[in-house]
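> Got a structure for you, written out below as structure tokens; questions coming shortly.
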Amino acid sequence: MPETPSGAGKPAPSARKPTRRLDARSLRALAHPLRLRILELLGLDGPATATGLAKRLGENTGTVSWHLRHLAEHRFIEEDTDRGTKRERWWKAVDEATMLRATDFADGDAETKGQLSLYVHEIVQSMYNQVVAFVAEDWNEEWRNASLINRYTDLRMTPDQLASLNAELVELVERHLPAPDAEPEPGALPVVAQWQAFPRAERTAE
């Protein structure tokens with residue numbers, strides 16, 4: 001899956017990866033729950049076959065194969081030729097970040113806006129599912145204490161101030177990204193860092 005799941009605003013992609021800005025055509029290719037789930041699994045867990053993905057997703061292998069070909073046609077995934085054989089094809093996510101700006105689709109037709117809504121909903125749902133999975137899993141005290149689920153509700157900001165806050169947070173996370181081909185520290189595990197910051201409509205007195 002792309003390293004920076006795109007939301008409805010202006011997420012900053014990873015500075016260490018090529019960046020792909022989604023347009024109407026690429027959005028159409030992604031606006032499908034199963035395709036997004038396939039792309040997520042390939043991005044999180046690495047290369048897999050249609051058979052392996054079908055088992056994990058509870059889907060028919062033929063259906064998964066069709067969606068894999070569709071993702072490959074739009075260059076979101078590619079064959080892992082180092083693993084593939086004549087009998088079985090392995091697929092991997094293309095190593096790039098994605099960026100989506102809702103304003104790019106402001107003048108789109110109803111179908112495009114529907115695809116945008118579906119895509120953003122699925123990305124947000126995926127983030128939620130990852131948090132729920134973490135909470136339900138049996139982690140030791142060290143990892144529990146190191147993890148954080150938090151929110152702030154008393155901020156008041158202008159759009160420029162909110163954009164600046166998000167940029168600072170992205171820059172901070174970027175500093176912790178490993179260098180290409182760097183060996184992980186002993187005991188290191190994959191970590192998901194999520195951040196959502198958005199305005200809330202102010203309730204007026206009734």
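Chain lettering (A, B, ...) mirrors the order of the structure tokens, residue numbering begins at 1 for each chain separately, and ligand numbering begins at 1 in order of display.
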With a distance cut-off of 9 Å and only C-alpha atoms, select the neighbouring residues of segment 125-142 of chain A, excluding the residue or stretch itself and same-chain residues fewer than 6 positions from it, and output the selection as a list in words.
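With the cut-off at 9 Å, the set is Pro5, Arg37, Glu40, Ile149, Val192 and Gln194 of chain A.
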> As a PyMOL selection string, please: every residue in segment 56-202 of chain A that DSSP puts in alpha helix (DSSP H).
chain A and resi 56-57+61-73+110-136+141-146+159-174
> For Leu39 of chain A, please output as a JSON list (two decimals) with all heavy atoms, in the first residue's frame all residues within 9 Å (counting only C-alpha atoms; exclusion window: fewer than 2 positions along the same chain).

[["chain", "number", "residue", "atom", "x", "y", "z"],
["A", 1, "MET", "N", 0.85, -1.19, 0.00],
["A", 1, "MET", "CA", 0.00, 0.00, 0.00],
["A", 1, "MET", "C", 0.89, 1.23, 0.00],
["A", 1, "MET", "O", 1.98, 1.22, 0.54],
["A", 1, "MET", "CB", -0.89, 0.01, 1.24],
["A", 1, "MET", "CG", -1.91, 1.13, 1.27],
["A", 1, "MET", "SD", -2.90, 1.06, 2.77],
["A", 1, "MET", "CE", -4.04, 2.40, 2.44],
["A", 2, "PRO", "N", 0.45, 2.35, -0.61],
["A", 2, "PRO", "CA", 1.24, 3.56, -0.54],
["A", 2, "PRO", "C", 1.59, 3.92, 0.89],
["A", 2, "PRO", "O", 0.76, 3.77, 1.79],
["A", 2, "PRO", "CB", 0.30, 4.61, -1.17],
["A", 2, "PRO", "CG", -0.58, 3.83, -2.08],
["A", 2, "PRO", "CD", -0.77, 2.50, -1.41],
["A", 34, "LEU", "N", -12.22, -3.97, -2.26],
["A", 34, "LEU", "CA", -11.34, -5.13, -2.31],
["A", 34, "LEU", "C", -9.98, -4.76, -2.88],
["A", 34, "LEU", "O", -8.95, -5.23, -2.40],
["A", 34, "LEU", "CB", -11.97, -6.25, -3.15],
["A", 34, "LEU", "CG", -11.18, -7.55, -3.24],
["A", 34, "LEU", "CD1", -10.84, -8.09, -1.85],
["A", 34, "LEU", "CD2", -11.94, -8.59, -4.05],
["A", 35, "ARG", "N", -9.96, -3.90, -3.89],
["A", 35, "ARG", "CA", -8.67, -3.48, -4.45],
["A", 35, "ARG", "C", -7.84, -2.74, -3.41],
["A", 35, "ARG", "O", -6.62, -2.94, -3.31],
["A", 35, "ARG", "CB", -8.90, -2.59, -5.67],
["A", 35, "ARG", "CG", -8.97, -3.37, -6.97],
["A", 35, "ARG", "CD", -9.20, -2.47, -8.14],
["A", 35, "ARG", "NE", -10.34, -2.95, -8.90],
["A", 35, "ARG", "CZ", -11.20, -2.19, -9.53],
["A", 35, "ARG", "NH1", -11.07, -0.88, -9.49],
["A", 35, "ARG", "NH2", -12.19, -2.73, -10.20],
["A", 36, "LEU", "N", -8.48, -1.88, -2.65],
["A", 36, "LEU", "CA", -7.75, -1.15, -1.61],
["A", 36, "LEU", "C", -7.22, -2.10, -0.54],
["A", 36, "LEU", "O", -6.12, -1.92, -0.03],
["A", 36, "LEU", "CB", -8.65, -0.09, -0.99],
["A", 36, "LEU", "CG", -8.86, 1.16, -1.84],
["A", 36, "LEU", "CD1", -9.95, 2.04, -1.24],
["A", 36, "LEU", "CD2", -7.57, 1.95, -1.98],
["A", 37, "ARG", "N", -8.00, -3.11, -0.20],
["A", 37, "ARG", "CA", -7.56, -4.08, 0.80],
["A", 37, "ARG", "C", -6.39, -4.90, 0.27],
["A", 37, "ARG", "O", -5.43, -5.17, 1.02],
["A", 37, "ARG", "CB", -8.73, -5.01, 1.17],
["A", 37, "ARG", "CG", -8.42, -6.00, 2.26],
["A", 37, "ARG", "CD", -8.16, -5.33, 3.57],
["A", 37, "ARG", "NE", -7.91, -6.31, 4.64],
["A", 37, "ARG", "CZ", -6.91, -6.25, 5.48],
["A", 37, "ARG", "NH1", -6.04, -5.26, 5.40],
["A", 37, "ARG", "NH2", -6.76, -7.16, 6.42],
["A", 41, "LEU", "N", -2.60, -4.96, 1.95],
["A", 41, "LEU", "CA", -1.89, -6.17, 2.38],
["A", 41, "LEU", "C", -0.52, -6.27, 1.70],
["A", 41, "LEU", "O", 0.47, -6.64, 2.35],
["A", 41, "LEU", "CB", -2.72, -7.41, 2.07],
["A", 41, "LEU", "CG", -3.99, -7.60, 2.91],
["A", 41, "LEU", "CD1", -4.71, -8.87, 2.48],
["A", 41, "LEU", "CD2", -3.67, -7.65, 4.39],
["A", 42, "LEU", "N", -0.46, -5.94, 0.43],
["A", 42, "LEU", "CA", 0.83, -5.99, -0.27],
["A", 42, "LEU", "C", 1.79, -4.94, 0.29],
["A", 42, "LEU", "O", 3.00, -5.19, 0.39],
["A", 42, "LEU", "CB", 0.63, -5.78, -1.77],
["A", 42, "LEU", "CG", -0.09, -6.90, -2.52],
["A", 42, "LEU", "CD1", -0.32, -6.51, -3.98],
["A", 42, "LEU", "CD2", 0.69, -8.21, -2.45],
["A", 43, "GLY", "N", 1.26, -3.78, 0.64],
["A", 43, "GLY", "CA", 2.12, -2.73, 1.18],
["A", 43, "GLY", "C", 2.60, -3.03, 2.59],
["A", 43, "GLY", "O", 3.75, -2.74, 2.93],
["A", 44, "LEU", "N", 1.72, -3.61, 3.42],
["A", 44, "LEU", "CA", 2.09, -3.87, 4.81],
["A", 44, "LEU", "C", 2.94, -5.12, 4.97],
["A", 44, "LEU", "O", 3.89, -5.14, 5.76],
["A", 44, "LEU", "CB", 0.83, -4.00, 5.66],
["A", 44, "LEU", "CG", 0.02, -2.72, 5.92],
["A", 44, "LEU", "CD1", -1.26, -3.06, 6.67],
["A", 44, "LEU", "CD2", 0.83, -1.70, 6.70],
["A", 68, "LEU", "N", -6.02, -7.87, -9.14],
["A", 68, "LEU", "CA", -4.57, -7.70, -9.22],
["A", 68, "LEU", "C", -4.16, -7.20, -10.60],
["A", 68, "LEU", "O", -3.33, -6.29, -10.72],
["A", 68, "LEU", "CB", -3.86, -9.02, -8.91],
["A", 68, "LEU", "CG", -3.81, -9.44, -7.44],
["A", 68, "LEU", "CD1", -3.37, -10.90, -7.31],
["A", 68, "LEU", "CD2", -2.85, -8.54, -6.65],
["A", 71, "LEU", "N", -5.05, -3.52, -10.85],
["A", 71, "LEU", "CA", -4.10, -2.67, -10.14],
["A", 71, "LEU", "C", -2.77, -2.56, -10.89],
["A", 71, "LEU", "O", -2.15, -1.49, -10.91],
["A", 71, "LEU", "CB", -3.87, -3.23, -8.73],
["A", 71, "LEU", "CG", -5.02, -3.06, -7.74],
["A", 71, "LEU", "CD1", -4.78, -3.91, -6.49],
["A", 71, "LEU", "CD2", -5.19, -1.58, -7.35],
["A", 76, "PHE", "N", -0.16, 0.42, -9.81],
["A", 76, "PHE", "CA", -0.12, 0.45, -8.35],
["A", 76, "PHE", "C", 0.63, -0.76, -7.80],
["A", 76, "PHE", "O", 1.14, -0.72, -6.68],
["A", 76, "PHE", "CB", -1.53, 0.50, -7.77],
["A", 76, "PHE", "CG", -2.20, 1.84, -7.96],
["A", 76, "PHE", "CD1", -3.20, 2.00, -8.90],
["A", 76, "PHE", "CD2", -1.79, 2.95, -7.24],
["A", 76, "PHE", "CE1", -3.80, 3.23, -9.10],
["A", 76, "PHE", "CE2", -2.39, 4.19, -7.43],
["A", 76, "PHE", "CZ", -3.39, 4.32, -8.36],
["A", 77, "ILE", "N", 0.66, -1.83, -8.55],
["A", 77, "ILE", "CA", 1.43, -3.02, -8.18],
["A", 77, "ILE", "C", 2.19, -3.50, -9.40],
["A", 77, "ILE", "O", 1.93, -3.07, -10.54],
["A", 77, "ILE", "CB", 0.52, -4.15, -7.64],
["A", 77, "ILE", "CG1", -0.39, -4.69, -8.75],
["A", 77, "ILE", "CG2", -0.29, -3.68, -6.44],
["A", 77, "ILE", "CD1", -1.17, -5.92, -8.35],
["A", 92, "LYS", "N", 3.78, -7.38, -5.96],
["A", 92, "LYS", "CA", 4.23, -6.49, -4.90],
["A", 92, "LYS", "C", 3.73, -5.08, -5.19],
["A", 92, "LYS", "O", 3.47, -4.71, -6.34],
["A", 92, "LYS", "CB", 5.76, -6.49, -4.79],
["A", 92, "LYS", "CG", 6.49, -5.99, -6.05],
["A", 92, "LYS", "CD", 8.01, -6.06, -5.86],
["A", 92, "LYS", "CE", 8.73, -5.57, -7.13],
["A", 92, "LYS", "NZ", 10.21, -5.64, -6.95],
["A", 93, "ALA", "N", 3.59, -4.29, -4.13],
["A", 93, "ALA", "CA", 3.17, -2.90, -4.29],
["A", 93, "ALA", "C", 4.31, -2.09, -4.89],
["A", 93, "ALA", "O", 5.48, -2.31, -4.58],
["A", 93, "ALA", "CB", 2.76, -2.32, -2.94]]
> Nearest to Trp66 of chain A among A:Arg83, A:Arg101, A:Ile38, A:His176, with distances taken over only C-alpha atoms: which residue is it?
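Answer, going by the shortest atom-to-atom distance: A:Ile38.
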> Counting only C-alpha atoms, which of A:Thr112, A:Trp143, A:Leu118, A:Val124 gets nearest to Gly187 of chain A?
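Of all the options, A:Trp143 lies closest to Gly187 of chain A.
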> Apply DSSP to the structure's backbone, then extract all residues of segment 4-181 of chain A labelled strand (DSSP E or B) and return them as a ChimeraX atom specification.
/A:19-21,48-49,77-79,90-93,97-99
